[in-house]
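Asks: Data file target.cif (mmCIF, C-alpha atoms) is appended below.
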data_my_file
#
loop_
_atom_site.label_atom_id
_atom_site.label_comp_id
_atom_site.auth_asym_id
_atom_site.auth_seq_id
_atom_site.Cartn_x
_atom_site.Cartn_y
_atom_site.Cartn_z
CA MET I 77 0.00 0.00 0.00
CA LYS I 78 1.21 3.51 -0.87
CA GLN I 79 -0.19 6.82 0.38
CA PHE I 80 -0.45 10.12 -1.46
CA ILE I 81 -1.71 13.66 -0.91
CA ILE I 82 -3.55 15.25 -3.84
CA THR I 83 -4.46 18.94 -3.92
CA PRO I 84 -7.72 20.04 -5.61
CA ALA I 85 -5.78 21.37 -8.62
CA ALA I 86 -3.75 18.19 -8.97
CA GLY I 87 -6.99 16.23 -8.68
CA LYS I 88 -8.51 18.19 -11.55
CA ARG I 89 -5.48 17.47 -13.72
CA LEU I 90 -5.56 13.79 -12.73
CA ILE I 91 -9.24 13.50 -13.64
CA ALA I 92 -8.54 15.24 -16.95
CA LYS I 93 -5.72 12.89 -17.90
CA ALA I 94 -7.96 9.92 -17.25
CA MET I 95 -11.04 11.33 -18.93
CA VAL I 96 -9.38 11.62 -22.33
CA LYS I 97 -8.77 7.85 -22.10
CA HIS I 98 -12.26 6.95 -20.91
CA PRO I 99 -13.65 4.37 -23.38
CA ALA I 100 -16.86 6.33 -24.03
CA VAL I 101 -14.91 9.53 -24.69
CA VAL I 102 -12.38 7.80 -26.94
CA GLY I 103 -15.23 6.28 -28.94
CA ALA I 104 -17.01 9.60 -29.45
CA ARG I 105 -13.93 11.72 -30.07
CA THR I 106 -13.47 10.89 -33.74
CA LYS I 107 -16.91 9.57 -34.62
CA GLY I 108 -19.59 11.36 -32.67
CA THR I 109 -20.02 14.43 -30.51
CA ILE I 110 -18.50 15.30 -27.15
CA VAL I 111 -19.86 18.29 -25.26
CA ILE I 112 -17.63 19.50 -22.43
CA ILE I 113 -19.84 21.89 -20.48
CA ALA I 114 -17.94 24.80 -18.98
CA GLY I 115 -16.66 24.36 -15.43
CA THR I 116 -13.31 24.53 -13.69
CA THR I 117 -12.64 20.78 -13.61
CA ASN I 118 -13.93 20.43 -17.15
CA GLY I 119 -11.51 23.18 -18.19
CA TYR I 120 -8.63 20.82 -17.46
CA ILE I 121 -10.38 18.09 -19.44
CA ALA I 122 -10.97 20.41 -22.39
CA GLU I 123 -7.31 21.45 -22.28
CA GLU I 124 -6.13 17.83 -22.37
CA MET I 125 -8.64 16.92 -25.10
CA LEU I 126 -7.86 19.85 -27.35
CA ALA I 127 -4.13 19.18 -27.01
CA LYS I 128 -4.81 15.91 -28.78
CA ILE I 129 -6.99 17.19 -31.62
CA ASP I 130 -6.23 20.90 -32.11
CA LYS I 131 -2.69 21.66 -30.97
CA LYS I 132 -2.51 24.99 -32.82
CA SER I 133 -5.44 26.65 -31.04
CA SER I 134 -5.19 28.33 -27.66
CA PHE I 135 -7.81 27.56 -25.05
CA PRO I 136 -8.72 30.05 -22.25
CA ARG I 137 -9.12 27.55 -19.40
CA HIS I 138 -9.19 30.23 -16.72
CA ARG I 139 -12.48 31.63 -18.06
CA PHE I 140 -14.08 28.27 -18.81
CA PHE I 141 -16.98 28.45 -16.37
CA ARG I 142 -20.37 30.08 -15.98
CA GLY I 143 -20.75 30.04 -12.22
CA ILE I 144 -17.89 29.94 -9.74
CA VAL I 145 -17.45 29.87 -5.96
CA LEU I 146 -14.94 32.43 -4.70
CA PRO I 147 -13.81 33.39 -1.18
CA PRO I 148 -15.18 36.48 0.58
CA GLY I 149 -13.37 39.56 -0.65
CA GLY I 150 -12.59 38.04 -4.06
CA PRO I 151 -13.75 39.33 -7.47
CA LYS I 152 -17.33 40.53 -7.52
CA THR I 153 -19.95 37.99 -8.50
CA LYS I 154 -23.70 38.08 -8.98
CA GLY I 155 -25.63 34.85 -8.66
CA GLY I 156 -22.33 32.96 -8.68
CA ARG I 157 -21.18 34.56 -11.94
CA LEU I 158 -18.37 37.03 -12.51
CA ALA I 159 -19.51 40.57 -13.14
CA ASP I 160 -17.44 40.54 -16.35
CA GLN I 161 -18.34 37.53 -18.51
CA SER I 162 -16.59 38.82 -21.64
CA GLY I 163 -13.86 36.18 -21.54
CA PHE I 164 -16.25 33.21 -21.59
CA PRO I 165 -15.34 31.05 -24.64
CA GLY I 166 -18.47 28.89 -24.74
CA ASP I 167 -18.57 25.18 -24.03
CA VAL I 168 -16.19 22.87 -25.88
CA VAL I 169 -18.07 20.94 -28.56
CA ILE I 170 -16.09 18.36 -30.53
CA GLN I 171 -17.85 16.86 -33.55
CA ASN I 172 -16.12 14.05 -35.44
CA GLY I 173 -12.78 15.16 -34.04
CA VAL I 174 -13.19 18.85 -34.86
CA TRP I 175 -13.56 21.60 -32.24
CA GLN I 176 -16.65 23.68 -33.03
CA LYS I 177 -15.39 26.93 -31.54
CA GLY I 178 -17.87 29.20 -29.80
CA LYS I 179 -20.71 26.68 -29.64
CA THR I 180 -22.50 25.72 -26.45
CA ILE I 181 -24.62 22.82 -25.25
CA PHE I 182 -27.69 24.84 -26.24
CA ASP I 183 -26.54 25.02 -29.88
CA VAL I 184 -26.11 21.27 -30.31
CA VAL I 185 -28.30 19.52 -27.75
CA ASP I 186 -31.16 18.87 -30.18
CA ASN I 187 -28.81 16.98 -32.51
CA LEU I 188 -27.18 14.72 -29.90
CA LYS I 189 -27.82 11.00 -30.10
CA GLU I 190 -26.93 7.72 -28.46
CA GLY I 191 -23.15 7.27 -28.52
CA ASP I 192 -22.51 10.96 -27.94
CA VAL I 193 -21.11 12.12 -24.60
CA ILE I 194 -21.79 15.09 -22.34
CA LEU I 195 -19.33 16.00 -19.57
CA LYS I 196 -20.77 18.13 -16.78
CA GLY I 197 -19.20 18.97 -13.42
CA ALA I 198 -20.97 18.91 -10.04
CA ASN I 199 -21.03 20.78 -6.74
CA ALA I 200 -21.76 18.09 -4.17
CA LEU I 201 -20.67 14.46 -4.12
CA ASP I 202 -21.78 11.35 -2.27
CA VAL I 203 -18.59 9.29 -2.59
CA GLU I 204 -19.98 6.05 -1.20
CA ASN I 205 -23.03 5.91 -3.46
CA LYS I 206 -21.35 7.64 -6.44
CA ARG I 207 -24.04 10.28 -6.77
CA ALA I 208 -23.70 13.98 -7.47
CA VAL I 209 -25.86 17.09 -7.48
CA ILE I 210 -25.41 20.43 -9.18
CA LEU I 211 -26.09 23.95 -7.93
CA ILE I 212 -28.70 25.71 -10.05
CA ALA I 213 -29.00 29.49 -10.29
CA ASP I 214 -30.79 29.65 -13.65
CA SER I 215 -34.60 29.70 -13.69
CA LYS I 216 -34.63 27.11 -16.51
CA SER I 217 -32.23 24.69 -14.76
CA GLY I 218 -29.16 25.80 -16.72
CA THR I 219 -26.94 23.53 -18.76
CA ILE I 220 -27.80 20.37 -16.84
CA GLY I 221 -31.47 20.99 -17.55
CA ALA I 222 -30.71 21.06 -21.27
CA ALA I 223 -28.44 18.01 -21.03
CA LEU I 224 -30.94 15.83 -19.19
CA ARG I 225 -33.45 16.16 -22.03
CA VAL I 226 -31.24 14.01 -24.23
CA VAL I 227 -29.57 11.96 -21.51
CA VAL I 228 -32.99 10.57 -20.60
CA GLY I 229 -34.76 11.07 -23.92
CA ARG I 230 -32.09 9.67 -26.25
CA ARG I 231 -29.63 7.80 -24.03
CA VAL I 232 -26.83 10.28 -24.59
CA ARG I 233 -24.12 9.42 -22.08
CA LEU I 234 -23.59 11.80 -19.15
CA ILE I 235 -20.27 11.68 -17.30
CA ILE I 236 -19.79 13.81 -14.18
CA PRO I 237 -16.12 14.60 -13.47
CA VAL I 238 -15.97 15.85 -9.89
CA GLY I 239 -13.18 16.22 -7.35
CA LEU I 240 -13.27 14.56 -3.94
CA GLU I 241 -13.06 17.96 -2.25
CA LYS I 242 -16.78 18.33 -3.10
CA ARG I 243 -17.83 15.40 -0.96
CA VAL I 244 -20.69 15.96 1.49
CA SER I 245 -22.26 13.80 4.17
CA GLY I 246 -25.94 13.00 4.47
CA ASN I 247 -28.76 12.14 2.12
CA LEU I 248 -28.55 14.01 -1.19
CA ASP I 249 -32.27 13.69 -1.83
CA GLU I 250 -33.01 15.40 1.48
CA MET I 251 -30.57 18.18 0.55
CA VAL I 252 -32.29 18.62 -2.80
CA ALA I 253 -35.70 18.85 -1.10
CA LEU I 254 -34.37 21.45 1.34
CA MET I 255 -32.68 23.61 -1.28
CA ASN I 256 -35.62 23.49 -3.70
CA ALA I 257 -38.40 24.13 -1.17
CA PRO I 258 -40.60 27.17 -1.87
CA GLY I 259 -39.68 30.23 0.17
CA GLY I 260 -35.96 29.52 0.22
CA GLU I 261 -33.19 31.81 -0.97
CA GLY I 262 -30.08 31.17 -3.04
CA PRO I 263 -29.25 28.42 -5.57
CA ARG I 264 -31.24 25.23 -5.96
CA LEU I 265 -29.95 21.68 -6.41
CA MET I 266 -30.39 19.29 -9.34
CA PRO I 267 -29.62 15.56 -9.03
CA ALA I 268 -27.57 14.36 -12.02
CA PRO I 269 -28.12 10.73 -13.10
CA GLY I 270 -24.76 10.18 -14.76
CA GLU I 271 -21.46 8.36 -14.26
CA VAL I 272 -19.62 10.04 -11.40
CA PHE I 273 -15.88 10.13 -12.08
CA THR I 274 -13.45 11.18 -9.32
CA GLU I 275 -9.73 10.92 -8.65
CA LEU I 276 -10.40 7.38 -7.39
CA ASP I 277 -11.80 6.39 -10.78
CA ALA I 278 -8.96 8.16 -12.57
CA ILE I 279 -6.32 6.15 -10.71
CA ALA I 280 -8.19 2.91 -11.38
CA LEU I 281 -8.58 3.65 -15.09
CA LEU I 282 -4.98 4.72 -15.68
CA THR I 283 -3.15 2.25 -13.44
CA GLY I 284 -5.48 -0.56 -12.40
CA ALA I 285 -4.80 0.20 -8.72
CA LYS I 286 -7.54 0.81 -6.16
CA ALA I 287 -7.52 4.11 -4.30
CA ARG I 288 -9.37 4.85 -1.08
CA LEU I 289 -10.01 8.20 0.56
CA VAL I 290 -8.55 7.92 4.06
CA SER I 291 -8.03 11.49 5.25
CA ALA I 292 -8.39 15.07 4.08
CA GLY I 293 -7.46 18.70 4.62
CA GLY I 294 -4.33 20.74 5.07
CA VAL I 295 -2.93 24.27 5.20
CA CYS I 296 -0.44 26.49 3.34
CA GLY I 297 -1.81 25.50 -0.05
CA ALA I 298 -3.03 22.04 0.93
CA GLU I 299 -6.54 23.25 1.84
CA GLY I 300 -9.11 20.89 0.34
CA SER I 301 -6.53 18.19 -0.27
CA VAL I 302 -7.30 14.49 0.02
CA TRP I 303 -5.11 11.70 1.38
CA LEU I 304 -5.40 8.49 -0.61
CA ALA I 305 -4.32 4.94 0.19
CA VAL I 306 -3.55 3.05 -3.03
CA THR I 307 -3.39 -0.72 -3.24
CA GLY I 308 -2.79 -3.22 -6.02
CA LYS I 309 -0.04 -5.21 -7.62
CA SER I 310 3.43 -3.77 -7.18
CA SER I 311 3.44 -2.61 -10.79
CA GLN I 312 0.06 -0.91 -10.32
CA GLU I 313 1.12 0.87 -7.14
CA ASN I 314 4.30 2.06 -8.83
CA ALA I 315 2.32 3.27 -11.84
CA ALA I 316 0.00 5.18 -9.50
CA GLU I 317 2.98 6.75 -7.74
CA LYS I 318 4.44 7.89 -11.05
CA LEU I 319 1.08 9.26 -12.21
CA ILE I 320 0.36 11.18 -9.01
CA LYS I 321 3.88 12.64 -8.93
CA SER I 322 3.35 13.87 -12.50
CA VAL I 323 0.28 15.94 -11.51
CA ALA I 324 1.47 17.00 -8.03
CA PRO I 325 3.13 20.27 -9.21
CA GLU I 326 -0.15 21.55 -10.71
CA PRO I 327 -0.58 25.14 -9.47
CA ALA I 328 -3.76 26.19 -7.69
CA PHE I 329 -6.53 27.42 -9.95
CA CYS I 330 -6.84 31.20 -9.97
CA LEU I 331 -8.45 33.81 -12.20
#
As structure tokens, how would this structure be written, given the file I've shared?
Replies:
Amino acid sequence: MKQFIITPAAGKRLIAKAMVKHPAVVGARTKGTIVIIAGTTNGYIAEEMLAKIDKKSSFPRHRFFRGIVLPPGGPKTKGGRLADQSGFPGDVVIQNGVWQKGKTIFDVVDNLKEGDVILKGANALDVENKRAVILIADSKSGTIGAALRVVVGRRVRLIIPVGLEKRVSGNLDEMVALMNAPGGEGPRLMPAPGEVFTELDAIALLTGAKARLVSAGGVCGAEGSVWLAVTGKSSQENAAEKLIKSVAPEPAFCL
């Protein structure tokens, strides 16, 4: 058994490196459509994906989100969105291996079909039951509302890349009922019936080893970090060590 600390930023990079090798994503990348809905974790995925198919184009990862959670005293936001949205590049839509620059989920959702893939991040995670929910500020349920029409209606695949720092305790359905009750204030919550994909899944996919969350937290830049115990064959544990060391220097996300 080997143990590792992974910061939230390193976790995002780890998830991204695994997601580009996810069988469903590989299958849709050259023959089908992948929609990477804007979000901070998905920004790392888009960066890794576009590096494979469109090396000449620059990608503004640090503006690849609609809503964002910032600390008190940070840049001004309204309803979870930056006051200045001018740098938003749109979602990343890849059709038959070609990046459709400037398009969003809303532009292509009506044409998605079985075999296509939507990637959408989340805001709260039940690690044990592999369920996730998404904060909703939009009166029409935002991008996940659009995505679920075809996820349920046409069996388009929904994958939810989400970092372990977003884990919560308790019953997600009870949280949804609380947040969505009439008379409340602030964002609502939407359950997302997709494949939850965390750092644990990334390690398993890329190395074959099994990772367990055994501790969490830290200071001086380790805030939000997770401590993982990784087990497997010697070769798998060594592969996991090499992989995690490769993402460890990832700098913290900042605007």
Asks: What's the 9 Å shell around Asn118 in chain I, counting all atoms listed in the file, without same-chain residues fewer than 5 positions away, as a compact mmCIF listing (two decimals) with C-alpha atoms, in the coordinates of the input?
Replies:
# COMPACT_ATOMS: atom_id res chain seq x y z
CA LYS I 88 -8.51 18.19 -11.55
CA ALA I 92 -8.54 15.24 -16.95
CA ILE I 112 -17.63 19.50 -22.43
CA ILE I 113 -19.84 21.89 -20.48
CA GLU I 123 -7.31 21.45 -22.28
CA ARG I 137 -9.12 27.55 -19.40
CA PHE I 140 -14.08 28.27 -18.81
CA PHE I 141 -16.98 28.45 -16.37
CA LEU I 195 -19.33 16.00 -19.57
CA LYS I 196 -20.77 18.13 -16.78
CA GLY I 197 -19.20 18.97 -13.42
CA PRO I 237 -16.12 14.60 -13.47
CA VAL I 238 -15.97 15.85 -9.89
Asks: What do you get, as a short mmCIF file (atom, residue, chain, number, x, y, z; two decimals) with C-alpha atoms, in the frame of the given file, if you spell out every residue that the PyMOL selection byres ((chain I and resi 85) around 8) selects here?
Replies:
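Output contents, as saved in out.cif:
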data_model
loop_
_atom_site.label_atom_id
_atom_site.label_comp_id
_atom_site.auth_asym_id
_atom_site.auth_seq_id
_atom_site.Cartn_x
_atom_site.Cartn_y
_atom_site.Cartn_z
CA THR I 83 -4.46 18.94 -3.92
CA PRO I 84 -7.72 20.04 -5.61
CA ALA I 86 -3.75 18.19 -8.97
CA GLY I 87 -6.99 16.23 -8.68
CA LYS I 88 -8.51 18.19 -11.55
CA ARG I 89 -5.48 17.47 -13.72
CA GLU I 326 -0.15 21.55 -10.71
CA PRO I 327 -0.58 25.14 -9.47
CA ALA I 328 -3.76 26.19 -7.69
CA PHE I 329 -6.53 27.42 -9.95
#
Asks: Applied to this file, what does the PyMOL selection byres ((chain I and resi 278) around 12) return in terms of residues, put as a PyMOL selection string?
Replies: chain I and resi 86-98+237-240+272-277+279-288+316+319-320
Asks: Just want the 10 Å neighbourhood of Gly270 in chain I, counted on only C-alpha atoms, with same-chain residues fewer than 2 positions away dropped. Output as an mmCIF file with C-alpha atoms, in the frame of the given file.
Replies:
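out25.cif, written as the output of this step:
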data_model
loop_
_atom_site.group_PDB
_atom_site.id
_atom_site.type_symbol
_atom_site.label_atom_id
_atom_site.label_comp_id
_atom_site.auth_asym_id
_atom_site.auth_seq_id
_atom_site.Cartn_x
_atom_site.Cartn_y
_atom_site.Cartn_z
ATOM 1 C CA ILE I 194 -21.790 15.090 -22.340
ATOM 2 C CA LEU I 195 -19.330 16.000 -19.570
ATOM 3 C CA LYS I 196 -20.770 18.130 -16.780
ATOM 4 C CA LYS I 206 -21.350 7.640 -6.440
ATOM 5 C CA ARG I 207 -24.040 10.280 -6.770
ATOM 6 C CA ALA I 208 -23.700 13.980 -7.470
ATOM 7 C CA LEU I 224 -30.940 15.830 -19.190
ATOM 8 C CA VAL I 227 -29.570 11.960 -21.510
ATOM 9 C CA ARG I 233 -24.120 9.420 -22.080
ATOM 10 C CA LEU I 234 -23.590 11.800 -19.150
ATOM 11 C CA ILE I 235 -20.270 11.680 -17.300
ATOM 12 C CA ILE I 236 -19.790 13.810 -14.180
ATOM 13 C CA PRO I 237 -16.120 14.600 -13.470
ATOM 14 C CA PRO I 267 -29.620 15.560 -9.030
ATOM 15 C CA ALA I 268 -27.570 14.360 -12.020
ATOM 16 C CA VAL I 272 -19.620 10.040 -11.400
ATOM 17 C CA PHE I 273 -15.880 10.130 -12.080
#
Asks: Quick check, in Å to one decimal: how far apart do CA of Ala305 in chain I and CA of Gln79 in chain I lie?
Replies: 4.5 Å
Asks: For range 185-257 of chain I against range 101-109 of chain I, with a cut-off of 7 Å and counting all atoms listed in the file, what is the closest atom pair and its distance in Å to one decimal for every residue that makes the cut, ordered by chain and number, as JSON lines?
Replies:
{"residue": "I:Gly191", "atom": "CA", "partner": "I:Ala104", "partner_atom": "CA", "distance": 6.6}
{"residue": "I:Asp192", "atom": "CA", "partner": "I:Thr109", "partner_atom": "CA", "distance": 5.0}
{"residue": "I:Val193", "atom": "CA", "partner": "I:Thr109", "partner_atom": "CA", "distance": 6.4}
Asks: Run the PyMOL selection byres ((chain I and resi 178-184) around 10) on the file and write out the hits as JSON, numbers by chain.
Replies: {"I": [109, 110, 111, 112, 113, 114, 164, 165, 166, 167, 168, 169, 170, 171, 175, 176, 177, 185, 186, 187, 188, 194, 218, 219, 220, 222, 223]}
Asks: If we draw a sphere of 8 Å around (-9.1, 33.9, -12.4), which residues have at least one atom in it when counting only C-alpha atoms? Please report them as an NGL selection string.
Replies: :I and (138-139 or 329-331)
Asks: Write a file of the just-selected residues containing C-alpha atoms, as a compact mmCIF listing (two decimals), in the coordinates of the input.
Replies:
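And here is the file that came out, out.txt:
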# COMPACT_ATOMS: atom_id res chain seq x y z
CA HIS I 138 -9.19 30.23 -16.72
CA ARG I 139 -12.48 31.63 -18.06
CA PHE I 329 -6.53 27.42 -9.95
CA CYS I 330 -6.84 31.20 -9.97
CA LEU I 331 -8.45 33.81 -12.20
Asks: Distance CA of Ala213 in chain I-CA of Met255 in chain I, one decimal place?
Replies: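 So the two atoms, CA of Ala213 in chain I and CA of Met255 in chain I, lie 11.4 Å apart.
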Asks: By how many Å are CA of Lys216 in chain I and CA of Leu265 in chain I apart?
Replies: 12.4 Å
Asks: Counting all atoms listed in the file, which of I:Arg231, I:Lys154, I:Arg142, I:Lys189 gets nearest to Gly262 in chain I?
Replies: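 Using all atoms listed in the file, the shortest distance to Gly262 in chain I belongs to I:Lys154.
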Asks: Ranking I:Arg243, I:Arg264, I:Lys132, I:Lys318 by minimum distance to Ser301 in chain I and counting all atoms listed in the file, which one comes first?
Replies: I:Arg243
Asks: Using all atoms listed in the file, find the one residue out of I:Ala100, I:Ile81, I:Met266, I:Ala200 that sits nearest to Gly246 in chain I.
Replies: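 Selected residue with least distance to Gly246 in chain I: I:Ala200.
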Asks: Could you check the closest approach to Val145 in chain I for each of I:Ile121, I:Arg230, I:Leu254, I:Pro263 and tell me which residue wins, using all atoms listed in the file?
Replies: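 So, comparing all the options, the nearest one is I:Pro263.
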Asks: Which residue is closest to Gly293 in chain I? Choose from I:Ile82, I:Ser245, I:Phe135, I:Met77 and count only C-alpha atoms.
Replies: I:Ile82
